[in-house]
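Trainee: query_21.cif (mmCIF, C-alpha atoms) pasted underneath:
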```cif
data_target
loop_
_atom_site.label_atom_id
_atom_site.label_comp_id
_atom_site.auth_asym_id
_atom_site.auth_seq_id
_atom_site.Cartn_x
_atom_site.Cartn_y
_atom_site.Cartn_z
CA LYS A 1 -52.62 -39.30 41.86
CA ASP A 2 -55.89 -37.50 42.51
CA CYS A 3 -58.12 -38.66 39.65
CA ARG A 4 -60.82 -36.13 40.48
CA LYS A 5 -58.57 -33.21 39.68
CA GLY A 6 -56.07 -34.92 37.41
CA LEU A 7 -53.24 -33.22 39.28
CA ARG A 8 -50.33 -34.91 41.05
CA LYS A 9 -50.00 -34.07 44.73
CA ILE A 10 -46.52 -33.13 45.86
CA GLN A 11 -44.60 -34.82 48.65
CA ARG A 12 -42.10 -33.05 50.87
CA GLU A 13 -40.13 -33.85 53.98
CA SER A 14 -41.70 -32.50 57.19
CA SER A 15 -39.69 -31.22 60.15
CA THR A 16 -40.26 -34.59 61.83
CA GLY A 17 -38.89 -36.51 58.86
CA ARG A 18 -42.35 -37.78 57.86
CA ARG A 19 -43.37 -37.53 54.23
CA GLU A 20 -46.31 -35.17 53.78
CA ILE A 21 -48.63 -34.92 50.80
CA MET A 22 -48.76 -31.30 49.65
CA ASP A 23 -51.45 -30.26 47.19
CA LYS A 24 -51.34 -26.54 47.93
CA ILE A 25 -48.78 -23.89 47.02
CA ALA A 26 -48.25 -20.31 48.19
CA VAL A 27 -46.27 -18.21 45.70
CA TYR A 28 -44.43 -15.14 47.00
CA ILE A 29 -43.76 -12.20 44.66
CA HIS A 30 -41.24 -9.70 46.04
CA GLY A 31 -41.17 -5.93 45.66
CA LYS A 32 -38.49 -3.65 44.23
CA ASP A 33 -34.95 -4.68 45.27
CA GLY A 34 -36.41 -7.79 46.94
CA ASN A 35 -35.59 -11.41 46.16
CA VAL A 36 -37.02 -14.92 46.23
CA ASN A 37 -35.30 -15.72 49.53
CA GLU A 38 -37.90 -13.57 51.28
CA ALA A 39 -40.33 -16.45 50.67
CA GLU A 40 -38.63 -18.34 53.53
CA HIS A 41 -40.35 -16.04 56.03
CA TYR A 42 -43.77 -17.30 54.94
CA LYS A 43 -43.16 -21.04 55.24
CA PRO A 44 -44.12 -21.25 58.95
CA LEU A 45 -47.24 -19.18 58.19
CA PHE A 46 -48.45 -21.68 55.58
CA PRO A 47 -47.54 -25.06 57.12
CA GLN A 48 -49.88 -27.00 54.83
CA TYR A 49 -48.43 -25.43 51.69
CA ASP A 50 -45.32 -25.62 49.61
CA VAL A 51 -44.06 -22.01 49.65
CA LYS A 52 -42.00 -20.80 46.70
CA GLY A 53 -40.68 -17.43 45.59
CA PHE A 54 -41.10 -16.19 42.03
CA ASP A 55 -37.91 -14.70 40.60
CA TYR A 56 -39.27 -12.44 37.88
CA LYS A 57 -37.45 -10.27 35.35
CA ALA A 58 -40.20 -7.76 34.45
CA GLN A 59 -39.59 -4.07 35.06
CA THR A 60 -42.83 -2.78 33.54
CA PRO A 61 -46.48 -3.91 33.62
CA TRP A 62 -46.41 -4.88 29.94
CA GLU A 63 -43.38 -7.07 30.57
CA ALA A 64 -45.16 -8.58 33.58
CA LYS A 65 -48.21 -9.34 31.44
CA LYS A 66 -45.99 -11.40 29.14
CA GLU A 67 -43.94 -13.09 31.87
CA PHE A 68 -46.18 -13.65 34.88
CA PRO A 69 -49.11 -15.78 33.60
CA SER A 70 -47.06 -18.53 31.94
CA ALA A 71 -44.46 -18.56 34.71
CA ILE A 72 -47.07 -18.84 37.46
CA ARG A 73 -48.96 -21.57 35.58
CA SER A 74 -45.72 -23.52 35.18
CA LEU A 75 -44.81 -23.09 38.85
CA CYS A 76 -48.26 -24.11 40.07
CA LYS A 77 -49.33 -26.75 37.54
CA GLU A 78 -48.80 -29.67 39.93
CA TYR A 79 -50.95 -28.20 42.70
CA GLU A 80 -54.69 -28.17 43.29
CA SER A 81 -54.78 -24.91 45.29
CA VAL A 82 -52.78 -21.74 44.63
CA THR A 83 -52.39 -18.82 47.04
CA LEU A 84 -50.58 -15.62 46.14
CA ILE A 85 -48.50 -13.41 48.46
CA ALA A 86 -47.29 -10.25 46.77
CA ASN A 87 -45.49 -7.14 47.92
CA SER A 88 -45.48 -3.51 46.66
CA ILE A 89 -44.62 -3.27 42.94
CA GLY A 90 -44.69 -7.07 42.75
CA ALA A 91 -48.31 -6.85 43.88
CA TYR A 92 -49.04 -4.28 41.15
CA PHE A 93 -47.51 -6.52 38.48
CA ALA A 94 -49.60 -9.43 39.81
CA LEU A 95 -52.79 -7.35 39.83
CA HIS A 96 -52.11 -6.29 36.27
CA SER A 97 -51.22 -9.69 34.85
CA LEU A 98 -52.83 -12.47 36.90
CA ALA A 99 -56.53 -11.60 37.05
CA GLY A 100 -58.51 -14.64 35.95
CA GLN A 101 -55.69 -17.07 36.73
CA ARG A 102 -56.21 -20.15 38.89
CA ILE A 103 -55.56 -18.40 42.20
CA GLU A 104 -57.71 -19.22 45.21
CA LYS A 105 -56.71 -16.25 47.36
CA ALA A 106 -54.26 -13.35 47.37
CA PHE A 107 -52.48 -11.62 50.24
CA LEU A 108 -51.20 -8.20 49.16
CA ILE A 109 -48.70 -6.33 51.32
CA SER A 110 -48.45 -2.57 50.68
CA PRO A 111 -49.66 -3.03 47.11
CA ILE A 112 -49.37 -0.33 44.48
CA VAL A 113 -52.97 -0.16 43.26
CA ASP A 114 -53.02 3.13 41.32
CA MET A 115 -49.85 3.51 39.28
CA GLU A 116 -51.10 6.58 37.44
CA GLU A 117 -51.60 8.39 40.74
CA LEU A 118 -48.14 7.37 41.92
CA ILE A 119 -46.44 8.58 38.73
CA ILE A 120 -48.26 11.92 38.89
CA GLN A 121 -47.24 12.24 42.54
CA MET A 122 -43.60 11.61 41.63
CA MET A 123 -43.82 14.19 38.83
CA ALA A 124 -45.24 16.80 41.19
CA GLN A 125 -42.50 16.18 43.74
CA ALA A 126 -39.84 16.51 41.02
CA GLY A 127 -41.47 19.58 39.44
CA ILE A 128 -42.05 17.81 36.11
CA THR A 129 -45.02 18.72 33.91
CA GLU A 130 -46.82 16.30 31.59
CA GLY A 131 -45.79 18.40 28.61
CA GLU A 132 -42.15 18.17 29.60
CA LEU A 133 -42.37 14.42 30.15
CA GLU A 134 -44.10 13.88 26.80
CA LYS A 135 -41.38 15.83 25.05
CA ARG A 136 -38.41 14.21 26.81
CA LYS A 137 -40.00 10.71 27.10
CA GLU A 138 -37.90 9.75 30.14
CA ILE A 139 -36.74 11.88 33.05
CA TYR A 140 -34.66 10.84 36.04
CA THR A 141 -35.45 12.53 39.35
CA SER A 142 -32.84 13.67 41.85
CA CYS A 143 -33.49 10.43 43.74
CA GLY A 144 -32.54 8.39 40.69
CA GLU A 145 -36.08 7.28 39.86
CA LYS A 146 -36.98 7.14 36.18
CA ILE A 147 -40.32 8.64 35.13
CA SER A 148 -41.48 7.46 31.72
CA TRP A 149 -44.09 8.91 29.38
CA GLU A 150 -44.61 5.45 27.85
CA TYR A 151 -45.27 4.01 31.33
CA LEU A 152 -47.77 6.76 32.20
CA CYS A 153 -49.66 6.34 28.93
CA TYR A 154 -49.74 2.55 29.34
CA VAL A 155 -51.23 2.53 32.83
CA ARG A 156 -53.87 5.05 31.77
CA LYS A 157 -54.93 2.78 28.93
CA ASN A 158 -54.79 -0.42 31.01
CA PRO A 159 -56.63 0.00 34.34
CA LEU A 160 -56.64 -2.85 36.84
CA ALA A 161 -59.50 -5.36 36.80
CA TRP A 162 -59.05 -7.75 39.74
CA ASN A 163 -61.55 -10.49 40.63
CA ILE A 164 -59.69 -12.82 43.01
CA PRO A 165 -60.55 -13.02 46.75
CA THR A 166 -57.98 -10.77 48.39
CA GLU A 167 -56.72 -9.50 51.73
CA VAL A 168 -54.71 -6.27 51.81
CA LEU A 169 -52.24 -5.14 54.48
CA TYR A 170 -51.57 -1.39 54.53
CA GLY A 171 -49.34 0.75 56.71
CA GLU A 172 -50.87 3.98 58.01
CA ASN A 173 -47.76 5.93 56.96
CA ASP A 174 -47.41 4.40 53.49
CA TYR A 175 -45.88 7.22 51.43
CA MET A 176 -46.60 5.57 48.08
CA THR A 177 -50.34 5.00 48.37
CA SER A 178 -52.88 7.13 50.19
CA PHE A 179 -55.48 5.65 52.52
CA GLU A 180 -58.21 6.99 50.23
CA THR A 181 -56.68 5.14 47.27
CA ILE A 182 -56.26 1.81 49.05
CA SER A 183 -59.77 2.10 50.49
CA ALA A 184 -61.21 2.74 47.04
CA PHE A 185 -59.39 -0.33 45.70
CA ALA A 186 -60.70 -2.49 48.54
CA SER A 187 -64.26 -1.28 47.97
CA LEU A 188 -64.06 -1.80 44.22
CA THR A 189 -62.64 -5.33 44.42
CA GLY A 190 -64.31 -6.51 47.63
CA ALA A 191 -60.92 -7.04 49.26
CA GLY A 192 -60.47 -7.13 53.01
CA LEU A 193 -58.36 -4.22 54.26
CA THR A 194 -56.22 -4.25 57.41
CA VAL A 195 -54.39 -1.08 58.45
CA MET A 196 -51.42 -1.07 60.81
CA LYS A 197 -51.37 2.12 62.83
CA GLY A 198 -47.91 3.66 62.46
CA GLY A 199 -47.00 1.11 59.79
CA GLU A 200 -44.86 1.99 56.77
CA HIS A 201 -44.82 0.97 53.11
CA TRP A 202 -41.92 -1.37 53.85
CA PHE A 203 -42.86 -3.83 56.59
CA HIS A 204 -39.49 -4.73 58.10
CA THR A 205 -39.22 -3.95 61.82
CA LYS A 206 -39.85 -6.62 64.44
CA GLU A 207 -43.16 -5.03 65.39
CA GLN A 208 -44.26 -4.65 61.77
CA MET A 209 -43.38 -8.24 60.86
CA ALA A 210 -45.22 -9.53 63.94
CA PHE A 211 -48.28 -7.56 62.81
CA LEU A 212 -47.91 -8.97 59.28
CA ASP A 213 -47.64 -12.54 60.59
CA ALA A 214 -50.72 -12.15 62.78
CA TRP A 215 -52.64 -10.68 59.83
CA ILE A 216 -51.84 -13.65 57.60
CA LYS A 217 -52.74 -16.21 60.28
CA ARG A 218 -56.01 -14.41 61.00
CA SER A 219 -56.92 -13.97 57.33
CA GLN A 220 -56.41 -17.52 56.09
#
```
Is it possible to express this structure as structure tokens?
Mentor:
Amino acid sequence: KDCRKGLRKIQRESSTGRREIMDKIAVYIHGKDGNVNEAEHYKPLFPQYDVKGFDYKAQTPWEAKKEFPSAIRSLCKEYESVTLIANSIGAYFALHSLAGQRIEKAFLISPIVDMEELIIQMMAQAGITEGELEKRKEIYTSCGEKISWEYLCYVRKNPLAWNIPTEVLYGENDYMTSFETISAFASLTGAGLTVMKGGEHWFHTKEQMAFLDAWIKRSQ
């Protein structure tokens, strides 16, 4: 037991069979249609950490604000150092709900950082006016995406306020967030910003994942 911190360090079995003392955790938060198993990819990138995925239920930022803080505190309570890895909408939920939490550093992959802008963009593409959305409350686009008046009003009233040291990975061809928007977020929060030329919102090809891995190793 570390009496200085009052927190129990965690032991795990290393690849060599030797017991290692782990006092650091990296928590992975997946994006839409993702899952906790994606956390396995990050274990070799954080060899001195326990790496765990967070299987959340939230579908909206107000649900995330209720679920995320207590769940993350429970997951991380035994560790001295907490690092966050979050992807896309999972990153947005984290930005909205975890500011001020005991997180040492965050790695955000293709984060949604301006939900109001994204909703307005979706409305424009679907030919939906604000007046129509306010009247109907919820509208499904031809792609099956739901646009909600409640959601739009909420994000307008609850802007992000992020104060945790952060590194951001952004794909040049991200169709959900413009370069101007991600740059403004980085400037406002003091986050480091790395752009992959030709990269997409979803990092998934061999080349993209190699770039992501190199970014994490370089940014730790």
Trainee: Of the candidates A:Phe93, A:Tyr175, A:Phe185, A:Trp215, which shows the shortest atom-to-atom distance to Lys66 (chain A), using all atoms listed in the file?
Mentor: A:Phe93
Trainee: In Å, how far is it from CA of Glu38 (chain A) to CA of Ala184 (chain A)?
Mentor: 28.8 Å
Trainee: Tell me, as a ChimeraX atom specification, which residues lie within 6 Å of Ala26 (chain A), counting all atoms listed in the file; anything in the same chain fewer than 6 positions away does not count.
Mentor: /A:51,82-84
Trainee: Let me make sure I understand: among A:Thr141, A:Gln101, A:Ser88, A:Ser70, which one has the smallest atom-to-atom distance to Tyr170 (chain A) if we use only C-alpha atoms?
Mentor: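 When distances to Tyr170 (chain A) are compared using only C-alpha atoms, the smallest one comes from A:Ser88.
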Trainee: Work out how far CA of Ser110 (chain A) is from CA of Glu200 (chain A), in Å to one decimal.
Mentor: 8.4 Å
Trainee: Go through A:Lys43, A:Pro111, A:Val168, A:Trp149 and flag the residue nearest His201 (chain A), using only C-alpha atoms for the distances.
Mentor: A:Pro111
Trainee: What does the PyMOL selection byres ((chain A and resi 150) around 10) select in this file, as a list in words?
Mentor: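 This file, filtered by the PyMOL selection byres ((chain A and resi 150) around 10), leaves Leu133, Glu134, Lys137, Glu138, Ile147, Ser148, Trp149, Tyr151, Leu152, Cys153, Tyr154 and Val155 of chain A.
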Trainee: The selected residues should be written to file as a tab-separated table (two decimals), keeping the file's coordinate frame (atoms: C-alpha atoms).
Mentor:
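Result went into selection_33.tsv, see below:
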```tsv
chain	number	residue	atom	x	y	z
A	133	LEU	CA	-42.37	14.42	30.15
A	134	GLU	CA	-44.10	13.88	26.80
A	137	LYS	CA	-40.00	10.71	27.10
A	138	GLU	CA	-37.90	9.75	30.14
A	147	ILE	CA	-40.32	8.64	35.13
A	148	SER	CA	-41.48	7.46	31.72
A	149	TRP	CA	-44.09	8.91	29.38
A	151	TYR	CA	-45.27	4.01	31.33
A	152	LEU	CA	-47.77	6.76	32.20
A	153	CYS	CA	-49.66	6.34	28.93
A	154	TYR	CA	-49.74	2.55	29.34
A	155	VAL	CA	-51.23	2.53	32.83
```
Trainee: Can you list, as a PyMOL selection string, every protein, DNA or RNA residue that comes within 9 Å of Glu67 (chain A) when you count all atoms listed in the file, leaving out same-chain residues fewer than 4 positions away?
Mentor: chain A and resi 56-58+62-63+71-72+97
Trainee: Report the distance between CA of Ile89 (chain A) and CA of Asp23 (chain A) in Å, rounded to one decimal place.
Mentor: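 A separation of 28.2 Å between them.
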Trainee: Using the incomplete input, complete region 62-82 of chain A to the level of N, CA and C atoms; output as a PDB file, keeping the file's coordinate frame.
Mentor:
```pdb
ATOM      1  N   TRP A  62     -46.253  -4.132  31.190  1.00  0.00           N
ATOM      2  CA  TRP A  62     -46.410  -4.880  29.940  1.00  0.00           C
ATOM      3  C   TRP A  62     -45.451  -6.061  29.870  1.00  0.00           C
ATOM      4  N   GLU A  63     -44.285  -5.920  30.478  1.00  0.00           N
ATOM      5  CA  GLU A  63     -43.380  -7.070  30.570  1.00  0.00           C
ATOM      6  C   GLU A  63     -43.948  -8.116  31.524  1.00  0.00           C
ATOM      7  N   ALA A  64     -44.549  -7.656  32.626  1.00  0.00           N
ATOM      8  CA  ALA A  64     -45.160  -8.580  33.580  1.00  0.00           C
ATOM      9  C   ALA A  64     -46.304  -9.359  32.929  1.00  0.00           C
ATOM     10  N   LYS A  65     -47.069  -8.683  32.088  1.00  0.00           N
ATOM     11  CA  LYS A  65     -48.210  -9.340  31.440  1.00  0.00           C
ATOM     12  C   LYS A  65     -47.751 -10.468  30.523  1.00  0.00           C
ATOM     13  N   LYS A  66     -46.546 -10.342  29.971  1.00  0.00           N
ATOM     14  CA  LYS A  66     -45.990 -11.400  29.140  1.00  0.00           C
ATOM     15  C   LYS A  66     -45.367 -12.515  29.989  1.00  0.00           C
ATOM     16  N   GLU A  67     -44.709 -12.119  31.079  1.00  0.00           N
ATOM     17  CA  GLU A  67     -43.940 -13.090  31.870  1.00  0.00           C
ATOM     18  C   GLU A  67     -44.744 -13.817  32.934  1.00  0.00           C
ATOM     19  N   PHE A  68     -45.568 -13.089  33.678  1.00  0.00           N
ATOM     20  CA  PHE A  68     -46.180 -13.650  34.880  1.00  0.00           C
ATOM     21  C   PHE A  68     -47.141 -14.815  34.618  1.00  0.00           C
ATOM     22  N   PRO A  69     -48.115 -14.702  33.723  1.00  0.00           N
ATOM     23  CA  PRO A  69     -49.110 -15.780  33.600  1.00  0.00           C
ATOM     24  C   PRO A  69     -48.503 -17.146  33.305  1.00  0.00           C
ATOM     25  N   SER A  70     -47.641 -17.232  32.293  1.00  0.00           N
ATOM     26  CA  SER A  70     -47.060 -18.530  31.940  1.00  0.00           C
ATOM     27  C   SER A  70     -46.137 -19.041  33.028  1.00  0.00           C
ATOM     28  N   ALA A  71     -45.382 -18.139  33.657  1.00  0.00           N
ATOM     29  CA  ALA A  71     -44.460 -18.560  34.710  1.00  0.00           C
ATOM     30  C   ALA A  71     -45.211 -19.082  35.932  1.00  0.00           C
ATOM     31  N   ILE A  72     -46.287 -18.401  36.307  1.00  0.00           N
ATOM     32  CA  ILE A  72     -47.070 -18.840  37.460  1.00  0.00           C
ATOM     33  C   ILE A  72     -47.782 -20.155  37.155  1.00  0.00           C
ATOM     34  N   ARG A  73     -48.307 -20.303  35.950  1.00  0.00           N
ATOM     35  CA  ARG A  73     -48.960 -21.570  35.580  1.00  0.00           C
ATOM     36  C   ARG A  73     -47.960 -22.722  35.628  1.00  0.00           C
ATOM     37  N   SER A  74     -46.751 -22.476  35.154  1.00  0.00           N
ATOM     38  CA  SER A  74     -45.720 -23.520  35.180  1.00  0.00           C
ATOM     39  C   SER A  74     -45.340 -23.888  36.606  1.00  0.00           C
ATOM     40  N   LEU A  75     -45.201 -22.865  37.461  1.00  0.00           N
ATOM     41  CA  LEU A  75     -44.810 -23.090  38.850  1.00  0.00           C
ATOM     42  C   LEU A  75     -45.889 -23.832  39.628  1.00  0.00           C
ATOM     43  N   CYS A  76     -47.144 -23.605  39.267  1.00  0.00           N
ATOM     44  CA  CYS A  76     -48.260 -24.110  40.070  1.00  0.00           C
ATOM     45  C   CYS A  76     -48.998 -25.287  39.437  1.00  0.00           C
ATOM     46  N   LYS A  77     -48.547 -25.772  38.292  1.00  0.00           N
ATOM     47  CA  LYS A  77     -49.330 -26.750  37.540  1.00  0.00           C
ATOM     48  C   LYS A  77     -49.541 -28.064  38.288  1.00  0.00           C
ATOM     49  N   GLU A  78     -48.676 -28.404  39.217  1.00  0.00           N
ATOM     50  CA  GLU A  78     -48.800 -29.670  39.930  1.00  0.00           C
ATOM     51  C   GLU A  78     -49.696 -29.575  41.172  1.00  0.00           C
ATOM     52  N   TYR A  79     -50.222 -28.412  41.457  1.00  0.00           N
ATOM     53  CA  TYR A  79     -50.950 -28.200  42.700  1.00  0.00           C
ATOM     54  C   TYR A  79     -52.429 -27.937  42.454  1.00  0.00           C
ATOM     55  N   GLU A  80     -53.254 -28.365  43.394  1.00  0.00           N
ATOM     56  CA  GLU A  80     -54.690 -28.170  43.290  1.00  0.00           C
ATOM     57  C   GLU A  80     -55.111 -26.770  43.734  1.00  0.00           C
ATOM     58  N   SER A  81     -54.400 -26.202  44.711  1.00  0.00           N
ATOM     59  CA  SER A  81     -54.780 -24.910  45.290  1.00  0.00           C
ATOM     60  C   SER A  81     -53.591 -23.952  45.243  1.00  0.00           C
ATOM     61  N   VAL A  82     -53.843 -22.739  44.772  1.00  0.00           N
ATOM     62  CA  VAL A  82     -52.780 -21.740  44.630  1.00  0.00           C
ATOM     63  C   VAL A  82     -53.147 -20.488  45.421  1.00  0.00           C
TER      64      VAL A  82
END
```
